[in-house]
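For reference, the structure discussed in these notes is given below.
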Amino acid sequence: EQSGVEGQSFIIATDTTFAPFEMFQGGEVAGIDMDLLKAIADSQGFEFEVQSLGFQAALSAVTSGQADGVIAGMSITDERKQIFDFSDPYFDSGVQMAVAESNDDISSYDDLDGETVVAKSGSEGLAEAQKLSEEYGFTVKALDQSATMYESVKNGSAVAVFDDYPVLAYGIAQGNGLKVVTDKIPGGQYGFAVAKGENQALLEAFNTGLAELKESGQYDQILDTYLADPQ
Ligand code: GLN
């Protein structure tokens, strides 16, 4: 079946690092988002160029028309739906808090009084941290990059990071020196997004391709590549 985007080429913006959804492997952008996009593009007959811009910058690139779409472990939220159109959800996620492995002082939000936590600029992790900050009396600092965020927790300039739990779990399994200490805050499914009212054929092709990947088992295969026994 011919898709409405056959032979077309699109610019797709993404985060710099949000492993295992996007990460650099041997100089190439890899990860769940990239593999899904590649498989969908193949089946729907379109081409794409990836721009690794950072999360907030990727969202801005799409709203300003510099990129056609964004795939960046981006949570589907009502607020974002006012400026983006989202694909069908492709992954269930949510936010959790992590601290340095060696930190035995912070084990709940109650221990955050007077402390500083970090989260990614423009992210749901940031929104959740900000929501809790007043009640628990802590300061929230927004950072653009995952690497900087994790580094500041390890070097003690922040006591905790609020980030998506599959990403925290992946990093921890890889030995990044952090541990999670709170329950998951439920909610937050990932979707591919385009600017509201724009690139509707691309969005449709993404949904068709995603449904096909789920049907064929390739979707599970891609997830397993990155999530089964991470090592
Ligand atoms: N899922 C989170 C959000 O959409 C974080 C995404 C990211 O850091 N790439 O806000």
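By convention in this document, the chains of the structure tokens carry letters A, B, ... by their order, each chain's residues are numbered from 1, and ligands are numbered from 1 in the order they are shown.
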Counting only C-alpha atoms and all ligand atoms, which residues of chain A fall within 8 Å of ligand 1, and what is the closest atom pair for each with its distance in Å at one decimal, ordered by chain and rising number, as CSV?
```
residue,atom,partner,partner_atom_place_in_ligand_line,distance
A:Thr14,CA,ligand 1,9 (N),7.6
A:Asp15,CA,ligand 1,9 (N),5.4
A:Thr17,CA,ligand 1,9 (N),7.5
A:Phe18,CA,ligand 1,9 (N),5.5
A:Gly54,CA,ligand 1,9 (N),7.5
A:Phe55,CA,ligand 1,9 (N),5.0
A:Ala72,CA,ligand 1,9 (N),4.8
A:Gly73,CA,ligand 1,6 (C),4.8
A:Met74,CA,ligand 1,4 (O),3.5
A:Ser75,CA,ligand 1,4 (O),3.8
A:Ile76,CA,ligand 1,4 (O),7.0
A:Ser93,CA,ligand 1,1 (N),7.2
A:Gly94,CA,ligand 1,1 (N),7.2
A:Val95,CA,ligand 1,1 (N),7.9
A:Lys120,CA,ligand 1,8 (O),6.0
A:Gly122,CA,ligand 1,10 (O),6.3
A:Ser123,CA,ligand 1,10 (O),3.2
A:Glu124,CA,ligand 1,10 (O),3.7
A:Gly125,CA,ligand 1,10 (O),6.2
A:Leu126,CA,ligand 1,10 (O),7.7
A:Ser146,CA,ligand 1,8 (O),7.3
A:Asp163,CA,ligand 1,5 (C),6.9
A:Asp164,CA,ligand 1,1 (N),6.0
A:Gly188,CA,ligand 1,1 (N),6.8
A:Gln189,CA,ligand 1,1 (N),7.8
A:Tyr190,CA,ligand 1,1 (N),6.6
```
Members of stretch 15-118 of chain A assigned helix (DSSP H, G or I) by DSSP, as an NGL selection string: :A and (32-44 or 55-63 or 80-82 or 109-112)
I'd like the neighbourhood of A:Met23 as a PyMOL selection string, where a residue qualifies if any of its atoms comes within 10 Å (using only C-alpha atoms), though same-chain residues fewer than 5 positions away should be ignored. chain A and resi 15-18+28-34+52
Output N, CA and C atoms of each residue in that selection to a file, as a tab-separated table (two decimals), in the first residue's frame.
```
chain	number	residue	atom	x	y	z
A	15	ASP	N	16.68	14.27	21.14
A	15	ASP	CA	17.51	14.64	22.27
A	15	ASP	C	18.95	14.22	21.95
A	16	THR	N	19.93	14.80	22.65
A	16	THR	CA	21.30	14.37	22.43
A	16	THR	C	21.51	12.97	23.04
A	17	THR	N	21.23	12.86	24.35
A	17	THR	CA	21.32	11.54	24.99
A	17	THR	C	20.12	11.32	25.88
A	18	PHE	N	19.47	10.20	25.68
A	18	PHE	CA	18.36	9.79	26.53
A	18	PHE	C	18.29	8.27	26.42
A	28	GLU	N	27.34	7.02	15.78
A	28	GLU	CA	26.01	7.05	15.17
A	28	GLU	C	24.94	7.19	16.26
A	29	VAL	N	23.83	7.86	15.91
A	29	VAL	CA	22.72	7.89	16.85
A	29	VAL	C	22.00	6.56	16.79
A	30	ALA	N	21.89	5.91	17.93
A	30	ALA	CA	21.18	4.63	18.01
A	30	ALA	C	20.14	4.73	19.12
A	31	GLY	N	19.46	3.62	19.38
A	31	GLY	CA	18.49	3.59	20.46
A	31	GLY	C	17.10	3.21	19.97
A	32	ILE	N	16.21	2.99	20.92
A	32	ILE	CA	14.85	2.53	20.61
A	32	ILE	C	14.15	3.48	19.64
A	33	ASP	N	14.20	4.78	19.94
A	33	ASP	CA	13.52	5.75	19.07
A	33	ASP	C	14.05	5.68	17.64
A	34	MET	N	15.38	5.59	17.53
A	34	MET	CA	16.01	5.57	16.21
A	34	MET	C	15.66	4.31	15.44
A	52	SER	N	20.36	15.72	16.34
A	52	SER	CA	20.48	15.53	17.80
A	52	SER	C	20.68	16.87	18.46
```
Could you name the residues that touch A:Phe206 at 9 Å or less, counting only C-alpha atoms, but leaving out those on the same chain fewer than 2 positions away, as a ChimeraX atom specification? /A:37,40-41,44,87-88,192,201-204,208-211
Grab the residues selected above and save them as a short mmCIF file (atom, residue, chain, number, x, y, z; two decimals), in the first residue's frame with C-alpha atoms.
```
data_model
loop_
_atom_site.label_atom_id
_atom_site.label_comp_id
_atom_site.auth_asym_id
_atom_site.auth_seq_id
_atom_site.Cartn_x
_atom_site.Cartn_y
_atom_site.Cartn_z
CA LEU A 37 11.85 5.42 13.23
CA ILE A 40 8.79 2.76 10.13
CA ALA A 41 10.52 4.86 7.44
CA GLN A 44 6.38 3.55 4.71
CA SER A 87 1.26 9.70 17.24
CA ASP A 88 -0.25 6.71 18.98
CA PHE A 192 6.27 10.88 18.02
CA ALA A 201 0.84 12.62 6.33
CA LEU A 202 4.06 11.93 8.23
CA LEU A 203 2.12 11.42 11.45
CA GLU A 204 -0.25 9.04 9.71
CA THR A 208 0.58 2.94 10.20
CA GLY A 209 4.20 1.84 10.43
CA LEU A 210 4.05 1.51 14.23
CA ALA A 211 0.94 -0.68 14.04
#
```
Which residues come within 12 Å of stretch 152-161 of chain A, counting only C-alpha atoms, excluding same-chain residues fewer than 6 positions away, as an MDAnalysis selection string? chainID A and resid 95:109 111:120 125:126 128:130 138:143 145:146 167:168 176:182
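Residues surrounding A:Phe48 within 7 Å are Ser9, Phe10, Ile11 and Ile12 of chain A [only C-alpha atoms; sequence separation below 5 positions excluded].
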Would you output that residue set with C-alpha atoms, as a PDB file, in the first residue's frame?
```pdb
ATOM      1  CA  SER A   9      12.488  13.224   3.138  1.00  0.00           C
ATOM      2  CA  PHE A  10      12.006  14.672   6.619  1.00  0.00           C
ATOM      3  CA  ILE A  11      14.112  16.311   9.289  1.00  0.00           C
ATOM      4  CA  ILE A  12      13.529  14.621  12.637  1.00  0.00           C
TER       5      ILE A  12
END
```
